[in-house]
file protein_24.cif (mmCIF, C-alpha atoms and all ligand atoms)
data_query
#
loop_
_atom_site.label_atom_id
_atom_site.label_comp_id
_atom_site.auth_asym_id
_atom_site.auth_seq_id
_atom_site.Cartn_x
_atom_site.Cartn_y
_atom_site.Cartn_z
CA MET A 1 96.42 196.46 52.59
CA ILE A 2 96.58 196.89 48.80
CA GLU A 3 92.98 198.08 48.50
CA LYS A 4 93.83 201.15 50.59
CA ILE A 5 95.98 202.50 47.77
CA LEU A 6 93.67 201.68 44.88
CA PRO A 7 90.53 203.43 43.63
CA SER A 8 87.10 201.89 44.22
CA TRP A 9 86.76 200.55 40.67
CA VAL A 10 89.66 198.16 41.31
CA VAL A 11 88.87 194.87 43.09
CA THR A 12 91.56 193.24 45.19
CA ALA A 13 92.25 190.06 47.14
CA GLU A 14 95.25 189.39 49.37
CA GLU A 15 96.77 186.76 51.65
CA PHE A 16 99.52 187.06 54.27
CA GLY A 17 100.68 183.49 53.69
CA ASP A 18 100.03 180.62 51.32
CA VAL A 19 96.59 179.03 51.01
CA PRO A 20 97.26 175.29 51.32
CA ASP A 21 94.07 174.10 49.60
CA ALA A 22 94.27 176.54 46.67
CA THR A 23 94.37 174.74 43.31
CA LEU A 24 95.51 175.45 39.77
CA PHE A 25 94.06 174.67 36.36
CA PRO A 26 96.09 172.14 34.32
CA GLU A 27 97.52 174.81 31.98
CA GLU A 28 98.72 176.73 35.05
CA GLU A 29 100.22 173.58 36.60
CA GLU A 30 102.39 173.23 33.49
CA LEU A 31 103.86 176.68 34.14
CA ILE A 32 105.33 175.70 37.49
CA ALA A 33 105.92 171.99 36.99
CA ASN A 34 109.59 172.33 37.94
CA ALA A 35 109.27 175.12 40.50
CA VAL A 36 110.64 174.96 44.04
CA ALA A 37 108.13 175.01 46.92
CA VAL A 38 108.35 178.75 47.63
CA ARG A 39 107.75 179.66 43.99
CA ARG A 40 104.88 177.18 43.76
CA GLY A 41 103.30 178.60 46.91
CA GLU A 42 103.42 182.20 45.71
CA PHE A 43 102.20 181.30 42.23
CA VAL A 44 99.27 179.21 43.47
CA THR A 45 98.22 181.77 46.07
CA GLY A 46 98.63 184.62 43.58
CA ARG A 47 96.29 182.82 41.15
CA HIS A 48 93.92 182.08 44.05
CA CYS A 49 93.81 185.79 44.92
CA ALA A 50 93.26 186.68 41.28
CA ARG A 51 90.30 184.29 40.96
CA ARG A 52 88.78 185.61 44.20
CA ALA A 53 89.05 189.16 42.92
CA LEU A 54 87.73 188.23 39.46
CA ALA A 55 84.73 186.48 41.07
CA ARG A 56 83.77 189.82 42.60
CA LEU A 57 83.71 191.21 39.04
CA GLY A 58 81.36 188.37 38.08
CA VAL A 59 84.01 186.29 36.28
CA SER A 60 83.74 182.48 36.70
CA PRO A 61 86.87 180.64 37.83
CA GLY A 62 89.19 179.85 34.92
CA PRO A 63 92.87 179.60 34.10
CA ILE A 64 95.09 182.69 34.10
CA PRO A 65 97.91 181.66 31.76
CA ARG A 66 101.25 183.37 31.44
CA GLY A 67 101.75 185.64 28.45
CA GLU A 68 104.76 187.29 26.94
CA ARG A 69 107.58 188.08 29.42
CA GLY A 70 105.57 186.61 32.33
CA ALA A 71 102.57 188.93 32.21
CA PRO A 72 99.35 187.18 33.28
CA LEU A 73 96.71 186.76 30.55
CA TRP A 74 93.47 188.03 32.05
CA PRO A 75 89.95 186.86 31.07
CA PRO A 76 88.30 188.88 28.29
CA GLY A 77 86.99 192.23 29.48
CA THR A 78 89.33 192.41 32.48
CA ILE A 79 92.83 193.55 33.32
CA GLY A 80 94.86 192.97 36.47
CA SER A 81 98.14 192.68 38.28
CA ILE A 82 99.67 190.19 40.71
CA THR A 83 102.40 190.60 43.31
CA HIS A 84 104.00 188.42 45.96
CA CYS A 85 106.81 188.74 48.46
CA ALA A 86 107.68 187.00 51.73
CA GLY A 87 104.52 187.08 53.85
CA TYR A 88 102.26 188.64 51.25
CA ARG A 89 100.40 187.73 48.03
CA ALA A 90 97.88 189.96 46.26
CA ALA A 91 95.97 190.49 43.04
CA ALA A 92 94.12 193.54 41.75
CA VAL A 93 91.68 193.40 38.84
CA ALA A 94 89.30 195.75 37.07
CA ALA A 95 86.87 195.77 34.18
CA GLU A 96 88.43 196.98 30.95
CA ARG A 97 85.60 199.46 30.56
CA ASP A 98 86.86 201.17 33.74
CA ALA A 99 90.59 200.64 33.64
CA ALA A 100 93.26 201.70 31.17
CA THR A 101 96.08 200.07 33.09
CA LEU A 102 96.93 198.59 36.48
CA GLY A 103 100.16 197.66 38.26
CA ILE A 104 100.76 196.58 41.87
CA ASP A 105 103.89 195.59 43.76
CA ALA A 106 104.67 194.54 47.33
CA GLU A 107 108.04 194.27 49.04
CA PRO A 108 109.35 193.65 52.53
CA HIS A 109 109.81 197.05 54.19
CA GLY A 110 113.57 196.96 54.48
CA PRO A 111 116.50 198.69 52.77
CA LEU A 112 117.47 197.47 49.31
CA PRO A 113 120.42 195.09 49.21
CA SER A 114 123.76 196.81 48.66
CA GLY A 115 124.32 197.90 45.07
CA VAL A 116 120.69 197.69 43.93
CA LEU A 117 119.86 201.37 44.31
CA GLU A 118 122.71 202.37 42.01
CA ALA A 119 121.36 199.96 39.41
CA ILE A 120 117.75 201.14 39.48
CA ALA A 121 117.80 204.84 40.38
CA ARG A 122 118.31 207.90 38.22
CA PRO A 123 120.53 210.74 39.54
CA GLU A 124 117.57 213.01 40.39
CA GLU A 125 115.89 210.14 42.23
CA ILE A 126 118.99 209.59 44.38
CA VAL A 127 119.02 213.30 45.30
CA ALA A 128 115.32 213.17 46.22
CA LEU A 129 115.82 210.01 48.30
CA ARG A 130 118.43 211.80 50.43
CA LEU A 131 115.93 214.56 51.22
CA LEU A 132 113.18 212.05 52.01
CA GLN A 133 115.54 210.04 54.21
CA ASN A 134 116.43 213.17 56.19
CA ALA A 135 112.77 214.14 56.56
CA GLU A 136 111.53 210.65 57.57
CA PRO A 137 114.41 208.31 58.41
CA GLY A 138 112.09 205.48 59.52
CA VAL A 139 110.85 204.83 55.97
CA CYS A 140 112.87 202.75 53.49
CA TRP A 141 112.54 205.22 50.62
CA ASP A 142 114.92 203.26 48.43
CA ARG A 143 112.60 200.25 48.60
CA ILE A 144 109.59 202.42 47.83
CA LEU A 145 111.39 203.70 44.74
CA PHE A 146 112.16 200.15 43.63
CA SER A 147 108.58 199.01 44.22
CA ALA A 148 107.15 202.04 42.42
CA LYS A 149 109.29 201.17 39.40
CA GLU A 150 108.05 197.58 39.47
CA SER A 151 104.47 198.88 39.52
CA VAL A 152 105.31 201.15 36.59
CA TYR A 153 106.62 198.20 34.60
CA LYS A 154 103.55 196.08 35.39
CA ALA A 155 101.32 198.96 34.28
CA TRP A 156 103.44 199.61 31.18
CA PHE A 157 104.17 196.17 29.75
CA PRO A 158 100.65 194.77 29.20
CA VAL A 159 99.72 197.95 27.28
CA THR A 160 102.87 198.36 25.19
CA GLY A 161 104.37 194.86 25.03
CA ARG A 162 107.75 196.54 25.45
CA TRP A 163 110.55 196.22 28.00
CA LEU A 164 111.17 199.32 30.13
CA GLU A 165 114.57 200.02 31.65
CA PHE A 166 114.70 201.28 35.24
CA SER A 167 116.29 204.46 33.85
CA GLU A 168 113.34 205.04 31.50
CA ALA A 169 110.97 206.27 34.21
CA SER A 170 111.67 209.07 36.67
CA VAL A 171 109.75 208.57 39.89
CA ASP A 172 108.93 211.44 42.24
CA ILE A 173 107.85 210.15 45.67
CA GLY A 174 105.81 212.28 48.05
CA THR A 175 105.72 211.86 51.81
CA SER A 176 101.92 211.73 51.74
CA GLY A 177 101.69 208.26 50.20
CA ARG A 178 101.64 209.33 46.58
CA PHE A 179 104.12 209.24 43.72
CA THR A 180 104.26 210.15 40.07
CA ALA A 181 106.25 208.40 37.39
CA ARG A 182 107.29 210.29 34.29
CA LEU A 183 107.87 207.93 31.38
CA LEU A 184 110.97 208.95 29.46
CA VAL A 185 110.12 206.86 26.43
CA THR A 186 107.01 207.49 24.40
CA ASP A 187 104.53 204.85 23.38
CA ALA A 188 101.23 206.09 21.95
CA ARG A 189 99.42 203.05 23.36
CA MET A 190 100.00 204.37 26.90
CA GLY A 191 98.22 207.62 26.05
CA THR A 192 100.26 209.44 28.68
CA ASP A 193 103.78 209.98 29.89
CA LEU A 194 102.71 210.55 33.48
CA LEU A 195 101.46 207.82 35.80
CA ALA A 196 100.08 208.60 39.25
CA GLY A 197 100.52 206.05 42.00
CA ARG A 198 100.25 205.51 45.70
CA TRP A 199 102.36 203.78 48.33
CA LEU A 200 101.76 202.40 51.79
CA VAL A 201 103.96 200.99 54.56
CA ALA A 202 102.30 198.71 57.12
CA ASP A 203 103.24 195.74 59.29
CA GLY A 204 106.72 195.28 57.88
CA LEU A 205 105.53 195.41 54.28
CA LEU A 206 105.27 198.09 51.65
CA ALA A 207 103.02 198.24 48.64
CA THR A 208 102.79 200.48 45.61
CA ALA A 209 100.00 200.72 43.06
CA ILE A 210 99.22 202.46 39.80
CA ALA A 211 95.66 202.45 38.50
CA ARG A 212 94.82 204.57 35.49
CA ALA A 213 91.12 204.99 34.84
CA ARG A 214 89.76 204.64 31.32
CA GLN A 215 88.19 208.08 31.81
CA ASP A 216 91.70 209.55 32.06
CA VAL A 217 92.28 208.62 28.41
CA ASP A 218 90.89 210.84 25.69
CA PRO A 219 88.97 209.18 22.85
CA ASP A 220 91.97 209.85 20.60
CA GLY A 221 94.20 207.94 23.03
CA ARG A 222 96.06 211.01 24.29
CA ARG A 223 96.28 212.02 27.87
CA ARG A 224 94.14 213.89 30.29
CA PRO A 225 95.72 214.91 33.60
CA PRO A 226 96.21 211.76 35.70
CA GLN A 227 93.63 211.29 38.42
CA SER A 228 94.12 207.59 39.03
CA GLY A 229 94.66 206.59 42.63
CA ALA A 230 93.72 210.10 43.66
CA GLY A 231 91.00 209.12 46.11
CA PRO A 232 91.27 210.02 49.77
CA LEU A 233 93.79 208.15 51.89
CA THR A 234 91.99 205.85 54.30
C1 LIG A 301 108.40 191.32 36.26
C2 LIG A 301 108.76 192.06 37.52
C3 LIG A 301 108.24 193.50 37.44
C4 LIG A 301 108.12 191.35 38.73
O1 LIG A 301 108.30 192.06 39.91
P1 LIG A 301 108.85 191.36 41.23
O2 LIG A 301 108.92 192.41 42.30
O3 LIG A 301 110.11 190.64 40.89
O4 LIG A 301 107.81 190.24 41.63
P2 LIG A 301 106.29 190.34 42.09
O5 LIG A 301 106.04 189.16 42.92
O6 LIG A 301 105.94 191.65 42.65
O7 LIG A 301 105.51 190.18 40.71
C5 LIG A 301 105.52 188.96 40.02
C6 LIG A 301 104.29 188.92 39.18
O8 LIG A 301 104.36 189.99 38.23
C7 LIG A 301 103.59 189.59 37.11
N1 LIG A 301 104.40 189.86 35.94
C8 LIG A 301 105.51 189.22 35.53
N2 LIG A 301 105.95 189.74 34.36
C9 LIG A 301 105.09 190.73 34.05
C10 LIG A 301 105.03 191.64 32.96
N3 LIG A 301 105.91 191.62 31.95
N4 LIG A 301 104.01 192.54 32.93
C11 LIG A 301 103.10 192.57 33.93
N5 LIG A 301 103.11 191.73 34.99
C12 LIG A 301 104.11 190.82 35.04
C13 LIG A 301 103.28 188.10 37.24
O9 LIG A 301 101.94 187.96 37.62
C14 LIG A 301 104.20 187.68 38.35
O10 LIG A 301 103.68 186.67 39.19
P3 LIG A 301 103.42 185.17 38.63
O11 LIG A 301 104.64 184.81 37.84
O12 LIG A 301 103.24 184.35 39.86
O13 LIG A 301 102.19 185.29 37.77
C15 LIG A 301 110.31 192.11 37.75
O14 LIG A 301 110.80 190.82 38.04
C16 LIG A 301 111.08 192.62 36.55
O15 LIG A 301 111.37 191.91 35.59
N6 LIG A 301 111.48 193.91 36.56
C17 LIG A 301 112.31 194.47 35.55
C18 LIG A 301 111.57 195.49 34.70
C19 LIG A 301 111.32 196.74 35.48
O16 LIG A 301 110.88 196.69 36.61
N7 LIG A 301 111.61 197.90 34.89
C20 LIG A 301 111.47 199.13 35.60
C21 LIG A 301 110.78 200.15 34.76
S1 LIG A 301 110.78 201.77 35.54
#
call {"tool": "encode", "arguments": {"input": "protein_24.cif", "output": "structure tokens"}}
result
Amino acid sequence: MIEKILPSWVVTAEEFGDVPDATLFPEEEELIANAVAVRRGEFVTGRHCARRALARLGVSPGPIPRGERGAPLWPPGTIGSITHCAGYRAAAVAAERDAATLGIDAEPHGPLPSGVLEAIARPEEIVALRLLQNAEPGVCWDRILFSAKESVYKAWFPVTGRWLEFSEASVDIGTSGRFTARLLVTDARMGTDLLAGRWLVADGLLATAIARARQDVDPDGRRRPPQSGAGPLT
């Protein structure tokens, strides 16, 4: 599912349930020593997916520790992103020579719980959601917005090391499976204030992804027009 919304230079692995015989490295075990079964299952299977994807980049199995604010620490020369929700676990990784940043998120395809939209959406996003809802009522646009913002944060944080409020990105969702996120705070390390992403709804799930190619970043770190995720929809 997730590979359909990522460019070819990103490698993915996914599972639609937990992998019972998946194992952790000791330093990863420490991270979830006190976790409940559901959290353990998603963590273990997320790491399992990450190692499967990394293997396809030629990286030998090794621990993926947790860094600042929960961001995974990827092996040298690679970057990646992990997501999990009920019925789905996935990882996406890429070589640093190809990728400037990467963020993926999956959610159940259902409306957001009451009160969440007001907490995460900007006024212009709420207006746009009404239009989308009228045009295609079968899609949970509010959940797509939420997921897109989670992907933005996962693409933002590893590069900047900074928190990003939900109000600090304005997401414009298209009906064709694409979205753009305008960052309303500037951080030179991002090299852009515009992130291009894609979304997909399938089998009761939805996924969003942002993948910014290294080639989209000028040598001076400033932006070129975003082309990431701009491959044909399959
Ligand atoms: C961290 C966060 C994005 C995770 O999203 P989620 O939908 O709750 O959960 P998911 O299962 O999709 O993702 C969890 C995975 O994200 C990754 N993750 C956690 N913190 C991260 C961070 N700071 N940067 C990048 N990735 C992170 C981890 O791999 C984690 O899985 P793991 O703990 O098993 O390794 C979310 O909980 C959060 O804190 N959001 C607030 C910040 C935000 O979204 N701002 C909006 C900006 S527009």
call {"tool": "closest_atom_pairs", "arguments": {"input": "protein_24.cif", "of": "segment 107-203 of chain A", "to": "segment 52-69 of chain A", "cutoff": "10 Å", "atoms": "all atoms listed in the file", "output": "Markdown table"}}
result
| residue | atom | partner | partner_atom | distance |
| --- | --- | --- | --- | --- |
| A:Phe157 | CA | A:Arg69 | CA | 8.8 |
| A:Pro158 | CA | A:Glu68 | CA | 8.8 |
| A:Gly161 | CA | A:Glu68 | CA | 7.8 |
| A:Arg162 | CA | A:Arg69 | CA | 9.3 |
| A:Trp163 | CA | A:Arg69 | CA | 8.8 |
call {"tool": "closest_atom_pairs", "arguments": {"input": "protein_24.cif", "of": "chain A", "to": "ligand LIG 301 (chain A)", "cutoff": "6 Å", "atoms": "all atoms listed in the file", "output": "tab-separated table"}}
result
residue	atom	partner	partner_atom	distance
A:Phe43	CA	A:LIG301	O12	4.0
A:Gly46	CA	A:LIG301	O12	5.9
A:Arg69	CA	A:LIG301	N3	4.7
A:Gly70	CA	A:LIG301	N2	3.7
A:Ala71	CA	A:LIG301	C9	3.6
A:Pro72	CA	A:LIG301	O9	5.1
A:Ile82	CA	A:LIG301	O9	4.4
A:Thr83	CA	A:LIG301	O6	3.8
A:His84	CA	A:LIG301	O5	3.7
A:Cys85	CA	A:LIG301	O5	5.6
A:Asp105	CA	A:LIG301	O6	4.6
A:Ala106	CA	A:LIG301	O6	5.6
A:Lys149	CA	A:LIG301	S1	4.2
A:Glu150	CA	A:LIG301	O16	4.1
A:Val152	CA	A:LIG301	S1	5.6
A:Tyr153	CA	A:LIG301	C21	4.6
A:Lys154	CA	A:LIG301	C11	3.8
A:Phe157	CA	A:LIG301	N4	4.8
A:Pro158	CA	A:LIG301	N4	5.5
A:Leu164	CA	A:LIG301	C21	4.7
A:Glu165	CA	A:LIG301	N7	4.9
A:Phe166	CA	A:LIG301	C20	3.9
A:Glu168	CA	A:LIG301	S1	5.8
A:Ala169	CA	A:LIG301	S1	4.7
call {"tool": "write_last_selection", "arguments": {"input": "protein_24.cif", "atoms": "C-alpha atoms", "output": "compact mmCIF listing (two decimals), keeping the file's coordinate frame"}}
result
# COMPACT_ATOMS: atom_id res chain seq x y z
CA PHE A 43 102.20 181.30 42.23
CA GLY A 46 98.63 184.62 43.58
CA ARG A 69 107.58 188.08 29.42
CA GLY A 70 105.57 186.61 32.33
CA ALA A 71 102.57 188.93 32.21
CA PRO A 72 99.35 187.18 33.28
CA ILE A 82 99.67 190.19 40.71
CA THR A 83 102.40 190.60 43.31
CA HIS A 84 104.00 188.42 45.96
CA CYS A 85 106.81 188.74 48.46
CA ASP A 105 103.89 195.59 43.76
CA ALA A 106 104.67 194.54 47.33
CA LYS A 149 109.29 201.17 39.40
CA GLU A 150 108.05 197.58 39.47
CA VAL A 152 105.31 201.15 36.59
CA TYR A 153 106.62 198.20 34.60
CA LYS A 154 103.55 196.08 35.39
CA PHE A 157 104.17 196.17 29.75
CA PRO A 158 100.65 194.77 29.20
CA LEU A 164 111.17 199.32 30.13
CA GLU A 165 114.57 200.02 31.65
CA PHE A 166 114.70 201.28 35.24
CA GLU A 168 113.34 205.04 31.50
CA ALA A 169 110.97 206.27 34.21
call {"tool": "closest_residue", "arguments": {"input": "protein_24.cif", "among": "A:Asp21, A:Glu14, A:Asp142, A:Glu29", "to": "Leu112 of chain A", "atoms": "only C-alpha atoms"}}
result
A:Asp142
call {"tool": "axis_aligned_box", "arguments": {"input": "protein_24.cif", "around": "segment 48-60 of chain A", "padding_each_side": "5 Å", "output": "AutoDock Vina command-line options"}}
result
--center_x 87.6 --center_y 186.6 --center_z 40.6 --size_x 22.6 --size_y 19.1 --size_z 18.6
call {"tool": "residues_near_point", "arguments": {"input": "protein_24.cif", "point": "(100.6, 199.2, 41.7)", "cutoff": "9 Å", "atoms": "all atoms listed in the file", "output": "list in words"}}
result
Ile2, Ile5, Leu6, Ser81, Thr83, Ala92, Leu102, Gly103, Ile104, Asp105, Ala106, Ser147, Ala148, Glu150, Ser151, Val152, Lys154, Ala155, Gly197, Arg198, Trp199, Ala207, Thr208, Ala209, Ile210 and Ala211 of chain A
call {"tool": "closest_residue", "arguments": {"input": "protein_24.cif", "among": "A:Glu124, A:Asp193, A:Asp98, A:Glu42", "to": "Leu145 of chain A", "atoms": "all atoms listed in the file"}}
result
A:Glu124
call {"tool": "residues_around", "arguments": {"input": "protein_24.cif", "residues": "segment 174-176 of chain A", "least_positions_apart": "4", "cutoff": "10 Å", "atoms": "only C-alpha atoms", "output": "mmCIF file with C-alpha atoms, keeping the file's coordinate frame"}}
result
data_model
loop_
_atom_site.group_PDB
_atom_site.id
_atom_site.type_symbol
_atom_site.label_atom_id
_atom_site.label_comp_id
_atom_site.auth_asym_id
_atom_site.auth_seq_id
_atom_site.Cartn_x
_atom_site.Cartn_y
_atom_site.Cartn_z
ATOM 1 C CA ALA A 128 115.320 213.170 46.220
ATOM 2 C CA LEU A 132 113.180 212.050 52.010
ATOM 3 C CA ALA A 135 112.770 214.140 56.560
ATOM 4 C CA GLU A 136 111.530 210.650 57.570
ATOM 5 C CA VAL A 139 110.850 204.830 55.970
ATOM 6 C CA TRP A 141 112.540 205.220 50.620
ATOM 7 C CA THR A 180 104.260 210.150 40.070
ATOM 8 C CA ARG A 198 100.250 205.510 45.700
ATOM 9 C CA TRP A 199 102.360 203.780 48.330
ATOM 10 C CA LEU A 200 101.760 202.400 51.790
ATOM 11 C CA LEU A 233 93.790 208.150 51.890
#
call {"tool": "decode", "arguments": {"input": "protein_24.cif", "residues": "segment 131-150 of chain A", "atoms": "N, CA and C atoms", "output": "tab-separated table (two decimals), in the first residue's frame"}}
result
chain	number	residue	atom	x	y	z
A	131	LEU	N	-15.44	21.76	1.15
A	131	LEU	CA	-15.58	21.62	-0.31
A	131	LEU	C	-15.26	20.19	-0.73
A	132	LEU	N	-14.20	19.62	-0.16
A	132	LEU	CA	-13.83	18.25	-0.50
A	132	LEU	C	-14.93	17.27	-0.09
A	133	GLN	N	-15.48	17.51	1.10
A	133	GLN	CA	-16.54	16.63	1.62
A	133	GLN	C	-17.77	16.66	0.70
A	134	ASN	N	-18.09	17.85	0.18
A	134	ASN	CA	-19.23	17.96	-0.74
A	134	ASN	C	-18.93	17.25	-2.05
A	135	ALA	N	-17.68	17.38	-2.52
A	135	ALA	CA	-17.31	16.78	-3.81
A	135	ALA	C	-17.23	15.26	-3.72
A	136	GLU	N	-16.67	14.75	-2.62
A	136	GLU	CA	-16.49	13.28	-2.46
A	136	GLU	C	-16.80	12.90	-1.02
A	137	PRO	N	-18.10	12.72	-0.72
A	137	PRO	CA	-18.49	12.47	0.68
A	137	PRO	C	-18.00	11.14	1.24
A	138	GLY	N	-17.60	10.20	0.37
A	138	GLY	CA	-17.18	8.89	0.86
A	138	GLY	C	-15.78	8.86	1.45
A	139	VAL	N	-15.05	9.96	1.31
A	139	VAL	CA	-13.66	10.00	1.79
A	139	VAL	C	-13.61	10.78	3.11
A	140	CYS	N	-12.87	10.27	4.08
A	140	CYS	CA	-12.72	10.96	5.37
A	140	CYS	C	-11.61	11.99	5.25
A	141	TRP	N	-11.96	13.14	4.71
A	141	TRP	CA	-10.96	14.18	4.42
A	141	TRP	C	-10.31	14.71	5.69
A	142	ASP	N	-11.09	14.71	6.78
A	142	ASP	CA	-10.50	15.21	8.03
A	142	ASP	C	-9.36	14.30	8.48
A	143	ARG	N	-9.54	12.98	8.25
A	143	ARG	CA	-8.47	12.05	8.67
A	143	ARG	C	-7.26	12.16	7.75
A	144	ILE	N	-7.54	12.44	6.48
A	144	ILE	CA	-6.41	12.64	5.55
A	144	ILE	C	-5.59	13.87	5.98
A	145	LEU	N	-6.31	14.92	6.37
A	145	LEU	CA	-5.61	16.13	6.83
A	145	LEU	C	-4.73	15.80	8.03
A	146	PHE	N	-5.31	15.09	8.99
A	146	PHE	CA	-4.55	14.73	10.20
A	146	PHE	C	-3.31	13.91	9.82
A	147	SER	N	-3.52	12.91	8.98
A	147	SER	CA	-2.40	12.03	8.59
A	147	SER	C	-1.33	12.82	7.84
A	148	ALA	N	-1.77	13.71	6.94
A	148	ALA	CA	-0.79	14.51	6.19
A	148	ALA	C	0.06	15.33	7.16
A	149	LYS	N	-0.57	15.86	8.21
A	149	LYS	CA	0.19	16.66	9.18
A	149	LYS	C	1.16	15.79	9.97
A	150	GLU	N	0.77	14.55	10.26
A	150	GLU	CA	1.70	13.64	10.93
A	150	GLU	C	2.89	13.34	10.02
